[in-house]
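The block underneath contains the structure these notes are about, expressed in structure tokens.
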Amino acid sequence: MHLLPKFDFYEPDSMAEACKVLAETKTEGKIIAGGTDIMVNMKKGLLSPKYLVSLAKIPGVSSIEPITGGIVIGPNLIVAKLIEFDLMRKKFNLLSKAASVLGSPLIRNRATIGGNIVTARPAADLPPPLMAMGARVVLMRKGKERELPLDDFFVGPGQTKIKPTEILVKIIVDDPPPFTGWDYVKLMHRNALEIAIVAVAVRITLDSPDGIIKDARVILSAVAAKAIHAVSAEKILIGEKPTAKLFARAASLASTDCTPITDIRGGAEYRCAMVETLTNRALSAALLQIKSK
Ligand SMILES: Cc1cc2nc3c(=O)[nH]c(=O)nc-3n(C[C@H](O)[C@H](O)[C@H](O)COP(=O)(O)OP(=O)(O)OC[C@H]3O[C@@H](n4cnc5c(N)ncnc54)[C@H](O)[C@@H]3O)c2cc1C
């Protein structure tokens, strides 16, 4: 580990000012949120930004606001709040479940949702549930906003569509449609301070309580360069009655949709097998959730 490199620290009190500061620093400035990724990388000598810009003093960046048909989450909201807030636990509990297995209490009380998204680790915990929920991100540069589905945001490990002087300013999540169930399952070697060996987020929506599957999203994590949709699994689920046989078939297809690597945490073959097991488990839990409402 190195000593932390020298940097200038800015803490603007408006998003317009933050955009201005970041634009002036050109590519030598970076946003810092909780610092649980960026500080580690700076200490390792992997990053040495000359300027760090914190959004912490900007009103609204750490809040969850209900809007018509959904919620808007500020990028600086700490992960622990995704578990604590009543609204999250009651209506968006998929995100709360994923938040509750991120890191440890210490990390969850510093790490932010925005940092977890922008850092773009292939095994990060919040992108899979957010993608399953169809979340969108709003990015700002020179005071102008653009909106992207989270599905289109990730490029590869550590790489996203965000431009160097752009800021993630909002995460928008729609309310779940009626007859929707979901689940997030994370396979780890131990129960805390562990990134996923494999993780799966699923969301299914039926057309009526005993009806067919109207919409299905199956997101696989830690088994490709970024979180991905298991497209073939999603395809066979839609339009069908949810049964154990259908879920087994979808889970088996999901394992053909991934392209994992072998590393210290697990072999590629093992990861594919675990995708099948976890997908099946998550689909069954999602259906049970719909039936028990
Ligand atoms: C011990 C330990 C355990 C961990 N365990 C897990 C785990 O189980 N699961 C998991 O997913 N992660 C884990 N992490 C990784 C990390 O904690 C998370 O990715 C965290 O959510 C990052 O958020 P942060 O606020 O700390 O980001 P920061 O470190 O502040 O920033 C991360 C990156 O995002 C950029 N950024 C942040 N906010 C914005 C914004 N609004 N606009 C533009 N760019 C922005 C920064 O410039 C930086 O490049 C762990 C980390 C540690 C140290």
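Just so we're on the same page: first chain in the structure tokens is A, next is B, and so on; residues restart at 1 for each chain, and ligands are numbered from 1 in the order they show up.
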What do you get as a ChimeraX atom specification if you pick all residues at most 6 Å from ligand 1, counting only C-alpha atoms and all ligand atoms?
/A:30-38,75,102-103,107,111-116,118-119,124-125,167-169,193-195
Grab the residues selected above and save them as a PDB file, in the first residue's frame with C-alpha atoms.
```
ATOM      1  CA  LYS A  30     -13.071  12.685  -9.828  1.00  0.00           C
ATOM      2  CA  ILE A  31     -16.199  12.554  -7.735  1.00  0.00           C
ATOM      3  CA  ILE A  32     -15.775  11.043  -4.277  1.00  0.00           C
ATOM      4  CA  ALA A  33     -18.838   9.671  -2.494  1.00  0.00           C
ATOM      5  CA  GLY A  34     -18.259   7.187   0.374  1.00  0.00           C
ATOM      6  CA  GLY A  35     -14.665   6.642  -0.739  1.00  0.00           C
ATOM      7  CA  THR A  36     -14.784   2.864  -0.134  1.00  0.00           C
ATOM      8  CA  ASP A  37     -13.611   2.167  -3.675  1.00  0.00           C
ATOM      9  CA  ILE A  38     -11.786   5.285  -4.771  1.00  0.00           C
ATOM     10  CA  PRO A  75     -26.570   9.199  -5.720  1.00  0.00           C
ATOM     11  CA  LEU A 102     -23.199  -5.650   0.605  1.00  0.00           C
ATOM     12  CA  GLY A 103     -19.942  -5.621   2.547  1.00  0.00           C
ATOM     13  CA  ILE A 107     -19.066  -0.460   4.620  1.00  0.00           C
ATOM     14  CA  ALA A 111     -20.702   3.239   0.668  1.00  0.00           C
ATOM     15  CA  THR A 112     -23.272   4.939  -1.573  1.00  0.00           C
ATOM     16  CA  ILE A 113     -25.628   3.666  -4.241  1.00  0.00           C
ATOM     17  CA  GLY A 114     -24.058   6.038  -6.807  1.00  0.00           C
ATOM     18  CA  GLY A 115     -20.555   4.797  -6.038  1.00  0.00           C
ATOM     19  CA  ASN A 116     -21.695   1.177  -6.334  1.00  0.00           C
ATOM     20  CA  VAL A 118     -20.359   4.044 -11.246  1.00  0.00           C
ATOM     21  CA  THR A 119     -17.553   1.831  -9.980  1.00  0.00           C
ATOM     22  CA  ALA A 124     -21.367  -5.323  -7.470  1.00  0.00           C
ATOM     23  CA  ASP A 125     -24.525  -5.980  -5.455  1.00  0.00           C
ATOM     24  CA  ILE A 167     -22.057  13.302 -12.671  1.00  0.00           C
ATOM     25  CA  LEU A 168     -24.621  10.660 -11.761  1.00  0.00           C
ATOM     26  CA  VAL A 169     -27.342  12.829 -10.222  1.00  0.00           C
ATOM     27  CA  LEU A 193     -17.321  -8.759   3.605  1.00  0.00           C
ATOM     28  CA  GLU A 194     -17.490 -10.906   0.530  1.00  0.00           C
ATOM     29  CA  ILE A 195     -18.195 -10.096  -3.080  1.00  0.00           C
TER      30      ILE A 195
END
```
What's around Lys293 in chain A at 10 Å? Count only C-alpha atoms, leave out sequence neighbours fewer than 6 positions away in its own chain, and write the answer as a PyMOL selection string.
chain A and resi 179-181+209
At a cut-off of 10 Å, using only C-alpha atoms, what residues contact Tyr10 in chain A? Leave out same-chain residues fewer than 6 positions from it and give the result as a PDB file with N, CA and C atoms, in the first residue's frame.
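Saved as around_11.pdb:
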```pdb
ATOM      1  N   ALA A  18     -20.906  21.937  -8.949  1.00  0.00           N
ATOM      2  CA  ALA A  18     -20.134  20.685  -9.029  1.00  0.00           C
ATOM      3  C   ALA A  18     -19.758  20.393 -10.487  1.00  0.00           C
ATOM      4  N   VAL A  21     -16.956  22.827 -11.477  1.00  0.00           N
ATOM      5  CA  VAL A  21     -15.649  22.447 -10.893  1.00  0.00           C
ATOM      6  C   VAL A  21     -15.079  21.249 -11.651  1.00  0.00           C
ATOM      7  N   LEU A  22     -15.946  20.238 -11.876  1.00  0.00           N
ATOM      8  CA  LEU A  22     -15.481  19.019 -12.548  1.00  0.00           C
ATOM      9  C   LEU A  22     -15.028  19.329 -13.984  1.00  0.00           C
ATOM     10  N   GLY A  29     -10.012  15.400 -12.435  1.00  0.00           N
ATOM     11  CA  GLY A  29     -10.869  15.429 -11.253  1.00  0.00           C
ATOM     12  C   GLY A  29     -11.765  14.209 -11.207  1.00  0.00           C
ATOM     13  N   ILE A  31     -15.237  12.454  -8.834  1.00  0.00           N
ATOM     14  CA  ILE A  31     -16.199  12.554  -7.735  1.00  0.00           C
ATOM     15  C   ILE A  31     -15.771  11.578  -6.643  1.00  0.00           C
ATOM     16  N   ILE A  32     -15.911  11.993  -5.396  1.00  0.00           N
ATOM     17  CA  ILE A  32     -15.775  11.043  -4.277  1.00  0.00           C
ATOM     18  C   ILE A  32     -17.104  11.024  -3.524  1.00  0.00           C
ATOM     19  N   TYR A  51      -7.802  16.239  -8.254  1.00  0.00           N
ATOM     20  CA  TYR A  51      -8.907  16.923  -7.568  1.00  0.00           C
ATOM     21  C   TYR A  51      -9.991  15.908  -7.213  1.00  0.00           C
ATOM     22  N   LEU A  52     -10.509  16.001  -6.007  1.00  0.00           N
ATOM     23  CA  LEU A  52     -11.662  15.178  -5.628  1.00  0.00           C
ATOM     24  C   LEU A  52     -12.832  16.117  -5.335  1.00  0.00           C
ATOM     25  N   VAL A  53     -13.990  15.791  -5.896  1.00  0.00           N
ATOM     26  CA  VAL A  53     -15.176  16.644  -5.731  1.00  0.00           C
ATOM     27  C   VAL A  53     -16.237  15.841  -4.983  1.00  0.00           C
ATOM     28  N   SER A  54     -16.645  16.350  -3.829  1.00  0.00           N
ATOM     29  CA  SER A  54     -17.693  15.688  -3.039  1.00  0.00           C
ATOM     30  C   SER A  54     -19.032  16.386  -3.281  1.00  0.00           C
ATOM     31  N   LEU A  55     -20.086  15.576  -3.374  1.00  0.00           N
ATOM     32  CA  LEU A  55     -21.427  16.140  -3.580  1.00  0.00           C
ATOM     33  C   LEU A  55     -22.164  16.302  -2.249  1.00  0.00           C
TER      34      LEU A  55
END
```
Return as a ChimeraX atom specification the full set of residues in range 34-207 of chain A whose backbone-based DSSP assignment is strand (DSSP E or B).
/A:51-54,64-67,70-73,78,112,136-141,144-149,154-156,159-160,167-174,180-187,198-206
DSSP says helix (DSSP H, G or I) for which residues of range 30-250 of chain A? Put them as an MDAnalysis selection string?
chainID A and resid 38:43 79:84 86:91 93:100 105:108 113:118 127:132 150:152 231:237 244:250
Would you save the residues from that selection as a PDB file, in the first residue's frame, using C-alpha atoms?
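Generated file (selection_33.pdb):
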```pdb
ATOM      1  CA  ILE A  38     -11.786   5.285  -4.771  1.00  0.00           C
ATOM      2  CA  MET A  39      -9.706   5.668  -1.587  1.00  0.00           C
ATOM      3  CA  VAL A  40      -8.656   2.018  -1.726  1.00  0.00           C
ATOM      4  CA  ASN A  41      -7.592   2.434  -5.356  1.00  0.00           C
ATOM      5  CA  MET A  42      -5.728   5.672  -4.562  1.00  0.00           C
ATOM      6  CA  LYS A  43      -3.886   3.973  -1.683  1.00  0.00           C
ATOM      7  CA  VAL A  79     -26.401   1.673   1.314  1.00  0.00           C
ATOM      8  CA  ALA A  80     -27.637   1.246   4.929  1.00  0.00           C
ATOM      9  CA  LYS A  81     -30.572   3.602   4.210  1.00  0.00           C
ATOM     10  CA  LEU A  82     -31.818   1.246   1.476  1.00  0.00           C
ATOM     11  CA  ILE A  83     -32.427  -1.248   4.268  1.00  0.00           C
ATOM     12  CA  GLU A  84     -33.669   1.163   6.954  1.00  0.00           C
ATOM     13  CA  ASP A  86     -39.777   1.872   5.409  1.00  0.00           C
ATOM     14  CA  LEU A  87     -40.642   2.678   1.805  1.00  0.00           C
ATOM     15  CA  MET A  88     -37.717   0.596   0.582  1.00  0.00           C
ATOM     16  CA  ARG A  89     -38.438  -2.382   2.811  1.00  0.00           C
ATOM     17  CA  LYS A  90     -42.133  -2.386   1.929  1.00  0.00           C
ATOM     18  CA  LYS A  91     -42.233  -1.562  -1.763  1.00  0.00           C
ATOM     19  CA  ASN A  93     -37.464  -4.788  -0.919  1.00  0.00           C
ATOM     20  CA  LEU A  94     -35.460  -6.359  -3.744  1.00  0.00           C
ATOM     21  CA  LEU A  95     -33.008  -3.478  -3.403  1.00  0.00           C
ATOM     22  CA  SER A  96     -33.086  -3.699   0.406  1.00  0.00           C
ATOM     23  CA  LYS A  97     -32.233  -7.405   0.230  1.00  0.00           C
ATOM     24  CA  ALA A  98     -29.227  -6.784  -2.023  1.00  0.00           C
ATOM     25  CA  ALA A  99     -28.120  -3.848   0.149  1.00  0.00           C
ATOM     26  CA  SER A 100     -28.223  -6.035   3.253  1.00  0.00           C
ATOM     27  CA  PRO A 105     -22.226  -2.707   8.557  1.00  0.00           C
ATOM     28  CA  LEU A 106     -19.160  -0.449   8.432  1.00  0.00           C
ATOM     29  CA  ILE A 107     -19.066  -0.460   4.620  1.00  0.00           C
ATOM     30  CA  ARG A 108     -22.856  -0.084   4.300  1.00  0.00           C
ATOM     31  CA  ILE A 113     -25.628   3.666  -4.241  1.00  0.00           C
ATOM     32  CA  GLY A 114     -24.058   6.038  -6.807  1.00  0.00           C
ATOM     33  CA  GLY A 115     -20.555   4.797  -6.038  1.00  0.00           C
ATOM     34  CA  ASN A 116     -21.695   1.177  -6.334  1.00  0.00           C
ATOM     35  CA  ILE A 117     -23.148   1.888  -9.782  1.00  0.00           C
ATOM     36  CA  VAL A 118     -20.359   4.044 -11.246  1.00  0.00           C
ATOM     37  CA  PRO A 127     -26.828  -3.141 -10.248  1.00  0.00           C
ATOM     38  CA  PRO A 128     -28.558  -6.566 -10.599  1.00  0.00           C
ATOM     39  CA  PRO A 129     -31.673  -5.672  -8.544  1.00  0.00           C
ATOM     40  CA  LEU A 130     -31.772  -2.194 -10.084  1.00  0.00           C
ATOM     41  CA  MET A 131     -31.634  -3.691 -13.589  1.00  0.00           C
ATOM     42  CA  ALA A 132     -34.318  -6.215 -12.645  1.00  0.00           C
ATOM     43  CA  LEU A 150     -29.208   1.110 -16.343  1.00  0.00           C
ATOM     44  CA  ASP A 151     -29.255  -1.806 -18.824  1.00  0.00           C
ATOM     45  CA  ASP A 152     -27.300   0.420 -21.246  1.00  0.00           C
ATOM     46  CA  VAL A 231     -31.967 -13.352 -22.430  1.00  0.00           C
ATOM     47  CA  SER A 232     -32.840 -16.939 -23.333  1.00  0.00           C
ATOM     48  CA  ALA A 233     -34.272 -17.558 -19.862  1.00  0.00           C
ATOM     49  CA  GLU A 234     -36.360 -14.377 -20.066  1.00  0.00           C
ATOM     50  CA  LYS A 235     -37.662 -15.355 -23.509  1.00  0.00           C
ATOM     51  CA  ILE A 236     -39.028 -18.740 -22.513  1.00  0.00           C
ATOM     52  CA  LEU A 237     -40.664 -17.437 -19.352  1.00  0.00           C
ATOM     53  CA  ALA A 244     -41.608 -25.740 -11.529  1.00  0.00           C
ATOM     54  CA  LYS A 245     -40.851 -27.351 -14.917  1.00  0.00           C
ATOM     55  CA  LEU A 246     -40.748 -23.976 -16.686  1.00  0.00           C
ATOM     56  CA  PHE A 247     -38.490 -22.502 -13.992  1.00  0.00           C
ATOM     57  CA  ALA A 248     -36.100 -25.480 -14.247  1.00  0.00           C
ATOM     58  CA  ARG A 249     -35.917 -25.012 -18.032  1.00  0.00           C
ATOM     59  CA  ALA A 250     -35.371 -21.246 -17.712  1.00  0.00           C
TER      60      ALA A 250
END
```
A straight line from CA of Lys226 in chain A to CA of Pro260 in chain A spans 10.2 Å
Can you work out the spacing between CA of Gly158 in chain A and CA of Ala120 in chain A in Å, to one decimal?
4.6 Å
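Each of A:Lys6, A:Arg136, A:Lys44, A:Arg217 was compared to Arg203 in chain A using only C-alpha atoms, and A:Arg217 turns out to be the nearest.
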So which one's closest to Ala225 in chain A, A:Arg121, A:Arg141, A:Lys161, A:Arg110? Using only C-alpha atoms, please.
A:Arg121
Residues within 9 Å of range 240-243 of chain A, please, as a PyMOL selection string. Count only C-alpha atoms; anything in the same chain fewer than 4 positions from it doesn't count.
chain A and resi 206+210-214+236+247-248+284+287
